[in-house]
file model17.pdb (PDB, C-alpha atoms)
MODEL        1
ATOM      1  CA  MET A1270      56.594  53.812 114.865  1.00  0.00           C
ATOM      2  CA  ALA A1271      54.455  56.562 116.372  1.00  0.00           C
ATOM      3  CA  ASP A1272      56.796  56.826 119.345  1.00  0.00           C
ATOM      4  CA  THR A1273      59.839  57.257 117.112  1.00  0.00           C
ATOM      5  CA  ALA A1274      58.071  59.969 115.060  1.00  0.00           C
ATOM      6  CA  ASP A1275      57.112  61.851 118.229  1.00  0.00           C
ATOM      7  CA  GLN A1276      60.649  61.506 119.517  1.00  0.00           C
ATOM      8  CA  LYS A1277      62.049  62.943 116.265  1.00  0.00           C
ATOM      9  CA  LYS A1278      59.669  65.892 116.488  1.00  0.00           C
ATOM     10  CA  SER A1279      60.658  66.588 120.081  1.00  0.00           C
ATOM     11  CA  ASP A1280      64.365  66.351 119.188  1.00  0.00           C
ATOM     12  CA  HIS A1281      63.842  68.737 116.305  1.00  0.00           C
ATOM     13  CA  ARG A1282      62.079  71.235 118.566  1.00  0.00           C
ATOM     14  CA  SER A1283      64.835  71.024 121.175  1.00  0.00           C
ATOM     15  CA  GLU A1284      67.465  71.651 118.486  1.00  0.00           C
ATOM     16  CA  LYS A1285      65.609  74.770 117.389  1.00  0.00           C
ATOM     17  CA  LYS A1286      65.532  76.030 120.960  1.00  0.00           C
ATOM     18  CA  ARG A1287      69.243  75.394 121.391  1.00  0.00           C
ATOM     19  CA  ARG A1288      70.140  77.442 118.331  1.00  0.00           C
ATOM     20  CA  LEU A1289      71.652  80.789 119.189  1.00  0.00           C
ATOM     21  CA  PRO A1290      70.021  83.924 117.812  1.00  0.00           C
ATOM     22  CA  ARG A1291      71.616  85.422 114.728  1.00  0.00           C
ATOM     23  CA  PRO A1292      73.843  88.452 115.302  1.00  0.00           C
ATOM     24  CA  PRO A1293      72.613  91.811 113.992  1.00  0.00           C
ATOM     25  CA  ALA A1294      73.336  92.752 110.394  1.00  0.00           C
ATOM     26  CA  TRP A1295      75.674  95.597 111.397  1.00  0.00           C
ATOM     27  CA  TRP A1296      78.068  93.436 113.471  1.00  0.00           C
ATOM     28  CA  PRO A1297      80.956  93.517 110.874  1.00  0.00           C
ATOM     29  CA  LEU A1298      81.347  97.280 111.282  1.00  0.00           C
ATOM     30  CA  PRO A1299      82.299  97.415 115.000  1.00  0.00           C
ATOM     31  CA  ALA A1300      84.184  94.115 114.809  1.00  0.00           C
ATOM     32  CA  CYS A1301      86.429  95.244 111.949  1.00  0.00           C
ATOM     33  CA  ALA A1302      86.871  98.687 113.531  1.00  0.00           C
ATOM     34  CA  LEU A1303      88.065  97.149 116.813  1.00  0.00           C
ATOM     35  CA  LEU A1304      90.434  94.802 114.990  1.00  0.00           C
ATOM     36  CA  GLY A1305      91.867  97.725 113.031  1.00  0.00           C
ATOM     37  CA  LEU A1306      92.283  99.769 116.201  1.00  0.00           C
ATOM     38  CA  ALA A1307      94.136  96.933 117.930  1.00  0.00           C
ATOM     39  CA  ALA A1308      96.388  96.270 114.932  1.00  0.00           C
ATOM     40  CA  GLY A1309      97.215  99.962 114.419  1.00  0.00           C
ATOM     41  CA  GLY A1310      97.915 100.549 118.107  1.00  0.00           C
ATOM     42  CA  ALA A1311     100.167  97.484 118.302  1.00  0.00           C
ATOM     43  CA  TYR A1312     102.074  98.634 115.218  1.00  0.00           C
ATOM     44  CA  GLY A1313     102.646 102.077 116.715  1.00  0.00           C
ATOM     45  CA  VAL A1314     103.861 100.621 120.014  1.00  0.00           C
ATOM     46  CA  LEU A1315     106.129  97.897 118.621  1.00  0.00           C
ATOM     47  CA  LYS A1316     107.692  99.800 115.704  1.00  0.00           C
ATOM     48  CA  ALA A1317     110.792 101.843 116.555  1.00  0.00           C
ATOM     49  CA  PRO A1318     110.379 105.616 116.012  1.00  0.00           C
ATOM     50  CA  GLU A1319     111.877 106.931 112.768  1.00  0.00           C
ATOM     51  CA  TYR A1320     113.403 110.390 112.366  1.00  0.00           C
ATOM     52  CA  ALA A1321     113.709 112.451 109.183  1.00  0.00           C
ATOM     53  CA  ALA A1322     116.051 115.373 108.471  1.00  0.00           C
ATOM     54  CA  THR A1323     116.130 117.433 105.253  1.00  0.00           C
ATOM     55  CA  SER A1324     118.857 119.519 103.653  1.00  0.00           C
ATOM     56  CA  TYR A1325     118.234 121.812 100.655  1.00  0.00           C
ATOM     57  CA  VAL A1326     120.441 122.384  97.625  1.00  0.00           C
ATOM     58  CA  VAL A1327     119.732 125.138  95.084  1.00  0.00           C
ATOM     59  CA  ALA A1328     120.822 125.352  91.445  1.00  0.00           C
ATOM     60  CA  VAL A1329     122.303 128.795  90.694  1.00  0.00           C
ATOM     61  CA  PRO A1330     122.852 129.869  87.058  1.00  0.00           C
ATOM     62  CA  ASN A1331     125.949 131.710  85.880  1.00  0.00           C
ATOM     63  CA  GLU A1332     125.835 135.202  84.400  1.00  0.00           C
ATOM     64  CA  THR A1333     125.412 133.846  80.874  1.00  0.00           C
ATOM     65  CA  THR A1334     122.837 131.194  81.812  1.00  0.00           C
ATOM     66  CA  GLU A1335     119.085 131.711  81.869  1.00  0.00           C
ATOM     67  CA  PRO A1336     117.110 130.875  85.046  1.00  0.00           C
ATOM     68  CA  ALA A1337     114.990 128.334  83.139  1.00  0.00           C
ATOM     69  CA  THR A1338     118.153 126.359  82.448  1.00  0.00           C
ATOM     70  CA  ALA A1339     118.920 126.203  86.158  1.00  0.00           C
ATOM     71  CA  LEU A1340     115.406 124.889  86.785  1.00  0.00           C
ATOM     72  CA  GLY A1341     115.913 122.119  84.242  1.00  0.00           C
ATOM     73  CA  PHE A1342     119.274 121.128  85.726  1.00  0.00           C
ATOM     74  CA  ALA A1343     117.746 121.050  89.218  1.00  0.00           C
ATOM     75  CA  GLN A1344     115.270 118.446  87.977  1.00  0.00           C
ATOM     76  CA  ALA A1345     118.104 116.429  86.446  1.00  0.00           C
ATOM     77  CA  TYR A1346     120.320 116.603  89.536  1.00  0.00           C
ATOM     78  CA  GLY A1347     117.383 115.587  91.695  1.00  0.00           C
ATOM     79  CA  ARG A1348     117.144 112.335  89.715  1.00  0.00           C
ATOM     80  CA  ILE A1349     120.812 111.470  90.216  1.00  0.00           C
ATOM     81  CA  ALA A1350     120.907 112.438  93.896  1.00  0.00           C
ATOM     82  CA  THR A1351     120.272 108.818  94.896  1.00  0.00           C
ATOM     83  CA  SER A1352     122.375 107.240  92.137  1.00  0.00           C
ATOM     84  CA  SER A1353     125.223 104.849  92.878  1.00  0.00           C
ATOM     85  CA  SER A1354     127.943 107.391  92.017  1.00  0.00           C
ATOM     86  CA  THR A1355     126.518 110.068  94.323  1.00  0.00           C
ATOM     87  CA  LEU A1356     126.010 107.626  97.192  1.00  0.00           C
ATOM     88  CA  ALA A1357     129.568 106.382  96.751  1.00  0.00           C
ATOM     89  CA  TYR A1358     130.771 109.936  97.474  1.00  0.00           C
ATOM     90  CA  ALA A1359     128.419 110.254 100.454  1.00  0.00           C
ATOM     91  CA  GLN A1360     129.047 106.855 102.046  1.00  0.00           C
ATOM     92  CA  PRO A1361     132.272 107.725 103.978  1.00  0.00           C
ATOM     93  CA  ARG A1362     130.692 110.721 105.670  1.00  0.00           C
ATOM     94  CA  ALA A1363     127.342 109.021 106.303  1.00  0.00           C
ATOM     95  CA  GLY A1364     129.111 106.125 107.997  1.00  0.00           C
ATOM     96  CA  ILE A1365     126.790 103.379 106.727  1.00  0.00           C
ATOM     97  CA  ASP A1366     126.865 100.887 103.883  1.00  0.00           C
ATOM     98  CA  ALA A1367     125.967 102.174 100.413  1.00  0.00           C
ATOM     99  CA  ARG A1368     123.114  99.661 100.028  1.00  0.00           C
ATOM    100  CA  GLN A1369     121.621 100.698 103.339  1.00  0.00           C
ATOM    101  CA  LEU A1370     122.172 104.354 102.470  1.00  0.00           C
ATOM    102  CA  ARG A1371     120.050 103.950  99.332  1.00  0.00           C
ATOM    103  CA  THR A1372     117.064 102.852 101.426  1.00  0.00           C
ATOM    104  CA  GLN A1373     117.427 105.736 103.901  1.00  0.00           C
ATOM    105  CA  VAL A1374     117.591 108.742 101.583  1.00  0.00           C
ATOM    106  CA  ARG A1375     115.232 110.329  99.061  1.00  0.00           C
ATOM    107  CA  ALA A1376     115.360 113.438  96.883  1.00  0.00           C
ATOM    108  CA  GLU A1377     112.475 115.684  95.840  1.00  0.00           C
ATOM    109  CA  THR A1378     112.317 118.576  93.387  1.00  0.00           C
ATOM    110  CA  SER A1379     109.817 121.333  92.659  1.00  0.00           C
ATOM    111  CA  PRO A1380     108.600 122.271  89.162  1.00  0.00           C
ATOM    112  CA  ASP A1381     108.531 125.957  90.162  1.00  0.00           C
ATOM    113  CA  SER A1382     111.895 126.488  91.878  1.00  0.00           C
ATOM    114  CA  PRO A1383     115.453 125.157  91.266  1.00  0.00           C
ATOM    115  CA  MET A1384     115.520 123.589  94.724  1.00  0.00           C
ATOM    116  CA  ILE A1385     116.389 120.004  95.651  1.00  0.00           C
ATOM    117  CA  ALA A1386     115.264 118.597  99.011  1.00  0.00           C
ATOM    118  CA  ILE A1387     117.338 115.683 100.255  1.00  0.00           C
ATOM    119  CA  THR A1388     115.834 113.806 103.203  1.00  0.00           C
ATOM    120  CA  GLY A1389     117.617 111.243 105.342  1.00  0.00           C
ATOM    121  CA  THR A1390     115.727 108.818 107.562  1.00  0.00           C
ATOM    122  CA  SER A1391     116.950 106.712 110.476  1.00  0.00           C
ATOM    123  CA  THR A1392     115.992 105.477 113.902  1.00  0.00           C
ATOM    124  CA  SER A1393     118.595 107.973 115.222  1.00  0.00           C
ATOM    125  CA  ALA A1394     117.977 111.713 114.825  1.00  0.00           C
ATOM    126  CA  SER A1395     121.659 112.580 114.443  1.00  0.00           C
ATOM    127  CA  GLU A1396     122.204 109.829 111.889  1.00  0.00           C
ATOM    128  CA  ALA A1397     119.270 111.086 109.808  1.00  0.00           C
ATOM    129  CA  ALA A1398     120.859 114.566 109.679  1.00  0.00           C
ATOM    130  CA  ASP A1399     124.265 113.118 108.793  1.00  0.00           C
ATOM    131  CA  ILE A1400     122.790 111.143 105.911  1.00  0.00           C
ATOM    132  CA  ALA A1401     121.011 114.172 104.447  1.00  0.00           C
ATOM    133  CA  ASN A1402     124.071 116.421 104.729  1.00  0.00           C
ATOM    134  CA  ALA A1403     126.422 113.773 103.327  1.00  0.00           C
ATOM    135  CA  VAL A1404     124.295 113.212 100.212  1.00  0.00           C
ATOM    136  CA  ALA A1405     123.787 116.975  99.715  1.00  0.00           C
ATOM    137  CA  ASP A1406     127.530 117.624  99.861  1.00  0.00           C
ATOM    138  CA  ALA A1407     128.278 114.712  97.547  1.00  0.00           C
ATOM    139  CA  LEU A1408     125.721 115.933  95.009  1.00  0.00           C
ATOM    140  CA  SER A1409     127.143 119.470  95.087  1.00  0.00           C
ATOM    141  CA  LEU A1410     130.743 118.299  94.632  1.00  0.00           C
ATOM    142  CA  SER A1411     129.979 115.877  91.802  1.00  0.00           C
ATOM    143  CA  SER A1412     127.750 118.306  89.888  1.00  0.00           C
ATOM    144  CA  ASN A1413     130.051 121.326  90.279  1.00  0.00           C
ATOM    145  CA  GLN A1414     132.790 119.461  88.420  1.00  0.00           C
ATOM    146  CA  ALA A1415     130.736 120.059  85.266  1.00  0.00           C
ATOM    147  CA  ALA A1416     129.648 123.614  86.179  1.00  0.00           C
ATOM    148  CA  LYS A1417     131.853 125.164  83.464  1.00  0.00           C
ATOM    149  CA  ASN A1418     130.066 123.169  80.792  1.00  0.00           C
ATOM    150  CA  THR A1419     126.520 123.380  82.184  1.00  0.00           C
ATOM    151  CA  GLY A1420     126.603 126.973  83.399  1.00  0.00           C
ATOM    152  CA  VAL A1421     124.796 125.906  86.585  1.00  0.00           C
ATOM    153  CA  GLN A1422     126.274 125.475  90.051  1.00  0.00           C
ATOM    154  CA  LEU A1423     124.755 123.667  93.012  1.00  0.00           C
ATOM    155  CA  LEU A1424     125.029 125.407  96.369  1.00  0.00           C
ATOM    156  CA  LEU A1425     124.005 124.213  99.822  1.00  0.00           C
ATOM    157  CA  PHE A1426     120.994 126.350 100.745  1.00  0.00           C
ATOM    158  CA  ASN A1427     120.119 124.885 104.146  1.00  0.00           C
ATOM    159  CA  GLN A1428     121.893 122.208 106.168  1.00  0.00           C
ATOM    160  CA  ALA A1429     119.947 119.431 107.885  1.00  0.00           C
ATOM    161  CA  VAL A1430     119.632 119.519 111.683  1.00  0.00           C
ATOM    162  CA  ALA A1431     118.862 116.583 113.958  1.00  0.00           C
ATOM    163  CA  PRO A1432     115.069 116.609 114.556  1.00  0.00           C
ATOM    164  CA  SER A1433     113.642 116.556 118.052  1.00  0.00           C
ATOM    165  CA  ASP A1434     110.447 114.645 117.216  1.00  0.00           C
ATOM    166  CA  PRO A1435     110.101 111.425 115.205  1.00  0.00           C
ATOM    167  CA  ALA A1436     108.469 111.522 111.795  1.00  0.00           C
ATOM    168  CA  SER A1437     106.780 108.140 112.195  1.00  0.00           C
ATOM    169  CA  PRO A1438     103.203 108.164 113.553  1.00  0.00           C
ATOM    170  CA  SER A1439     102.691 107.606 117.267  1.00  0.00           C
ATOM    171  CA  ALA A1440     100.604 104.802 118.740  1.00  0.00           C
ATOM    172  CA  PRO A1441      97.390 106.911 119.024  1.00  0.00           C
ATOM    173  CA  VAL A1442      97.732 108.108 115.425  1.00  0.00           C
ATOM    174  CA  SER A1443      98.408 104.631 114.042  1.00  0.00           C
ATOM    175  CA  GLY A1444      95.529 103.298 116.133  1.00  0.00           C
ATOM    176  CA  ALA A1445      93.194 105.929 114.664  1.00  0.00           C
ATOM    177  CA  VAL A1446      94.330 105.020 111.168  1.00  0.00           C
ATOM    178  CA  GLY A1447      93.703 101.341 111.890  1.00  0.00           C
ATOM    179  CA  LEU A1448      90.270 102.184 113.289  1.00  0.00           C
ATOM    180  CA  CYS A1449      89.304 104.050 110.112  1.00  0.00           C
ATOM    181  CA  ALA A1450      90.658 101.302 107.877  1.00  0.00           C
ATOM    182  CA  GLY A1451      88.827  98.611 109.847  1.00  0.00           C
ATOM    183  CA  GLY A1452      85.587 100.583 109.751  1.00  0.00           C
ATOM    184  CA  LEU A1453      85.930 100.979 105.993  1.00  0.00           C
ATOM    185  CA  LEU A1454      86.418  97.240 105.519  1.00  0.00           C
ATOM    186  CA  GLY A1455      83.457  96.526 107.773  1.00  0.00           C
ATOM    187  CA  GLY A1456      81.275  98.883 105.756  1.00  0.00           C
ATOM    188  CA  LEU A1457      82.302  97.210 102.509  1.00  0.00           C
ATOM    189  CA  TRP A1458      81.487  93.840 104.043  1.00  0.00           C
ATOM    190  CA  MET A1459      78.030  95.063 105.024  1.00  0.00           C
ATOM    191  CA  LEU A1460      77.414  96.294 101.497  1.00  0.00           C
ATOM    192  CA  ALA A1461      78.303  92.879 100.101  1.00  0.00           C
ATOM    193  CA  ARG A1462      76.144  90.879 102.547  1.00  0.00           C
ATOM    194  CA  PRO A1463      72.592  91.917 101.384  1.00  0.00           C
ATOM    195  CA  ALA A1464      73.118  90.250  98.015  1.00  0.00           C
ATOM    196  CA  ARG A1465      74.137  86.992  99.700  1.00  0.00           C
ATOM    197  CA  ARG A1466      71.171  87.124 102.086  1.00  0.00           C
ATOM    198  CA  LYS A1467      68.823  87.710  99.168  1.00  0.00           C
ATOM    199  CA  GLU A1468      70.193  84.650  97.376  1.00  0.00           C
ATOM    200  CA  GLU A1469      69.839  82.541 100.548  1.00  0.00           C
ATOM    201  CA  LYS A1470      66.225  83.647 101.002  1.00  0.00           C
ATOM    202  CA  GLU A1471      65.430  82.807  97.392  1.00  0.00           C
ATOM    203  CA  GLU A1472      66.960  79.353  97.809  1.00  0.00           C
ATOM    204  CA  GLU A1473      64.928  78.773 100.999  1.00  0.00           C
ATOM    205  CA  SER A1474      61.662  79.925  99.385  1.00  0.00           C
ATOM    206  CA  HIS A1475      62.301  77.868  96.217  1.00  0.00           C
ATOM    207  CA  PRO A1476      63.936  74.613  97.320  1.00  0.00           C
ATOM    208  CA  ALA A1477      65.378  72.418  94.643  1.00  0.00           C
ATOM    209  CA  VAL A1478      62.975  69.701  93.530  1.00  0.00           C
ATOM    210  CA  GLU A1479      64.484  66.384  92.536  1.00  0.00           C
ATOM    211  CA  GLU A1480      63.238  65.121  89.226  1.00  0.00           C
ATOM    212  CA  TYR A1481      62.456  61.438  88.856  1.00  0.00           C
ATOM    213  CA  PRO A1482      61.866  59.628  85.567  1.00  0.00           C
ATOM    214  CA  SER A1483      58.170  59.340  84.798  1.00  0.00           C
ATOM    215  CA  LEU A1484      56.732  55.846  85.020  1.00  0.00           C
ATOM    216  CA  PRO A1485      54.131  54.588  82.544  1.00  0.00           C
ATOM    217  CA  ALA A1486      50.573  54.357  83.749  1.00  0.00           C
ATOM    218  CA  GLN A1487      49.179  51.002  84.797  1.00  0.00           C
ATOM    219  CA  GLY A1488      46.857  50.798  81.763  1.00  0.00           C
ATOM    220  CA  GLU A1489      49.636  51.558  79.321  1.00  0.00           C
ATOM    221  CA  HIS A1490      51.863  48.902  80.936  1.00  0.00           C
ATOM    222  CA  SER A1491      49.164  46.201  80.545  1.00  0.00           C
ATOM    223  CA  GLU A1492      48.554  47.216  76.911  1.00  0.00           C
ATOM    224  CA  THR A1493      52.235  46.821  76.053  1.00  0.00           C
ATOM    225  CA  LYS A1494      52.259  43.367  77.672  1.00  0.00           C
ATOM    226  CA  GLU A1495      49.199  42.278  75.616  1.00  0.00           C
ATOM    227  CA  LYS A1496      50.853  43.489  72.409  1.00  0.00           C
ATOM    228  CA  GLU A1497      54.036  41.551  73.167  1.00  0.00           C
ATOM    229  CA  SER A1498      52.022  38.373  73.908  1.00  0.00           C
ATOM    230  CA  VAL A1499      50.136  38.685  70.591  1.00  0.00           C
ATOM    231  CA  ARG A1500      53.431  39.017  68.732  1.00  0.00           C
TER     232      ARG A1500
ENDMDL
END
call {"tool": "encode", "arguments": {"input": "model17.pdb", "output": "C-alpha cells"}}
result
Amino acid sequence: MADTADQKKSDHRSEKKRRLPRPPAWWPLPACALLGLAAGGAYGVLKAPEYAATSYVVAVPNETTEPATALGFAQAYGRIATSSSTLAYAQPRAGIDARQLRTQVRAETSPDSPMIAITGTSTSASEAADIANAVADALSLSSNQAAKNTGVQLLLFNQAVAPSDPASPSAPVSGAVGLCAGGLLGGLWMLARPARRKEEKEEESHPAVEEYPSLPAQGEHSETKEKESVR
C-alpha cells in the first residue's frame, strides 16, 4: 500500500512538471490583431477592384417657381432615381440587366442644394461611367415630361467620366482595417477575462463540500434499541 501511495505522489509530481506554463494575460490582443491583419489583407488581394463614377443632375426652377420648390423636387427626384421606371429607361444605354443595374447605382441628394449625385459602380471603369450617365439621362427625360406642371426642370450638370483609380480599398488599407478590428476584439476579450479569472479563483479557494446525512450518535442508537425492546 505504501508503495502505491508513493507511486501516485511521484506520478502527480511528474504531471505537474509536464504541464506547460500559462500564456500571459495579454495574449488575445496580438493574436486577434494578427488574425484581423491576415483576413483583411487576404480580402484586399482576392476581391476584384471596384470603380465608381458620379454624374450630377441639378433641378432648375422656372421663372414663376421659387428656388425652395426646386430644392424640394430635387429631394423627390433623388428618391425615384433608382426606381423601376427610371432604370427601365436607363437599361438599354447601360447595357446590363435591370436587376443588376439596381445593385450598381445609387443616388444622393443634399439638403442645401438642388443637386442629385448619381453614382455607378462596376469592376470596369468605363462601365461604371456608362451606368451613371445612363441613369442621369433617364431621370432627366422622365422628370422633364412633367416640367410644365411642376415648374422645375432637371438638367445634366456634370457627366460621369471613367475613373483611373478603383474606389475599393487596396490590400494594405484592408489589412490595416482588419488589424484595427482584430485589436479591438482582442481588447474586448481581455476586458471580459478578469471576471472569469476571479470566479475561477473563488471556486479554487472555496471548493464545494459534499454534504452527507448526519448519522445518530452511538448512545442515541442504543437508547432507541432499548426503547423498542421494552415496547
call {"tool": "resolve_selection", "arguments": {"input": "model17.pdb", "expression": "the PyMOL selection byres ((chain A and resi 1419-1422) around 8)", "output": "list in words"}}
result
Ala1328, Val1329, Pro1330, Asn1331, Thr1333, Thr1334, Thr1338, Ala1339, Phe1342, Ser1409, Ser1412, Asn1413, Ala1415, Ala1416, Lys1417, Asn1418, Leu1423 and Leu1424 of chain A
call {"tool": "atom_distance", "arguments": {"input": "model17.pdb", "atom1": "CA of Ile1385 in chain A", "atom2": "CA of Pro1318 in chain A"}}
result
25.6 Å
call {"tool": "axis_aligned_box", "arguments": {"input": "model17.pdb", "around": "range 1335-1338 of chain A", "padding_each_side": "5 Å", "output": "lines of an AutoDock Vina configuration file"}}
result
center_x = 117.0
center_y = 129.0
center_z = 83.5
size_x = 14.1
size_y = 15.4
size_z = 13.2
call {"tool": "closest_residue", "arguments": {"input": "model17.pdb", "among": "A:Met1384, A:Ala1445, A:Leu1356, A:Ala1300", "to": "Asp1406 in chain A", "atoms": "only C-alpha atoms"}}
result
A:Leu1356
call {"tool": "closest_residue", "arguments": {"input": "model17.pdb", "among": "A:Pro1299, A:Ala1431, A:Arg1371, A:Thr1378", "to": "Ala1398 in chain A", "atoms": "only C-alpha atoms"}}
result
A:Ala1431
call {"tool": "closest_residue", "arguments": {"input": "model17.pdb", "among": "A:Leu1340, A:Ala1345, A:Val1374, A:Ala1386", "to": "Leu1425 in chain A", "atoms": "only C-alpha atoms"}}
result
A:Ala1386
call {"tool": "atom_distance", "arguments": {"input": "model17.pdb", "atom1": "CA of Ser1393 in chain A", "atom2": "CA of Gly1305 in chain A"}}
result
28.7 Å
call {"tool": "residues_around", "arguments": {"input": "model17.pdb", "residues": "Pro1432 in chain A", "least_positions_apart": "6", "cutoff": "12 Å", "atoms": "only C-alpha atoms", "output": "list of chain:residue names"}}
result
A:Glu1319, A:Tyr1320, A:Ala1321, A:Ala1322, A:Thr1323, A:Ser1324, A:Thr1388, A:Gly1389, A:Thr1390, A:Ser1391, A:Thr1392, A:Ser1393, A:Ala1394, A:Ser1395, A:Glu1396, A:Ala1397, A:Ala1398, A:Asp1399, A:Ala1401
call {"tool": "closest_residue", "arguments": {"input": "model17.pdb", "among": "A:Trp1458, A:Tyr1358, A:Phe1426, A:Tyr1325", "to": "Ala1376 in chain A", "atoms": "all atoms listed in the file"}}
result
A:Tyr1325
call {"tool": "resolve_selection", "arguments": {"input": "model17.pdb", "expression": "the PyMOL selection byres ((chain A and resi 1380) around 10)", "output": "list in words"}}
result
Leu1340, Gly1341, Ala1343, Gln1344, Thr1378, Ser1379, Asp1381, Ser1382, Pro1383 and Met1384 of chain A
call {"tool": "write_last_selection", "arguments": {"input": "model17.pdb", "atoms": "C-alpha atoms", "output": "compact mmCIF listing (two decimals), keeping the file's coordinate frame"}}
result
# COMPACT_ATOMS: atom_id res chain seq x y z
CA LEU A 1340 115.41 124.89 86.78
CA GLY A 1341 115.91 122.12 84.24
CA ALA A 1343 117.75 121.05 89.22
CA GLN A 1344 115.27 118.45 87.98
CA THR A 1378 112.32 118.58 93.39
CA SER A 1379 109.82 121.33 92.66
CA ASP A 1381 108.53 125.96 90.16
CA SER A 1382 111.90 126.49 91.88
CA PRO A 1383 115.45 125.16 91.27
CA MET A 1384 115.52 123.59 94.72
call {"tool": "atom_distance", "arguments": {"input": "model17.pdb", "atom1": "CA of Ala1337 in chain A", "atom2": "CA of Ala1403 in chain A"}}
result
27.4 Å
call {"tool": "residues_around", "arguments": {"input": "model17.pdb", "residues": "Leu1457 in chain A", "least_positions_apart": "5", "cutoff": "10 Å", "atoms": "all atoms listed in the file", "output": "PyMOL selection string"}}
result
chain A and resi 1297-1298+1451-1452+1462
call {"tool": "closest_residue", "arguments": {"input": "model17.pdb", "among": "A:Ala1429, A:Val1327, A:Val1404, A:Ile1387", "to": "Pro1361 in chain A", "atoms": "all atoms listed in the file"}}
result
A:Val1404
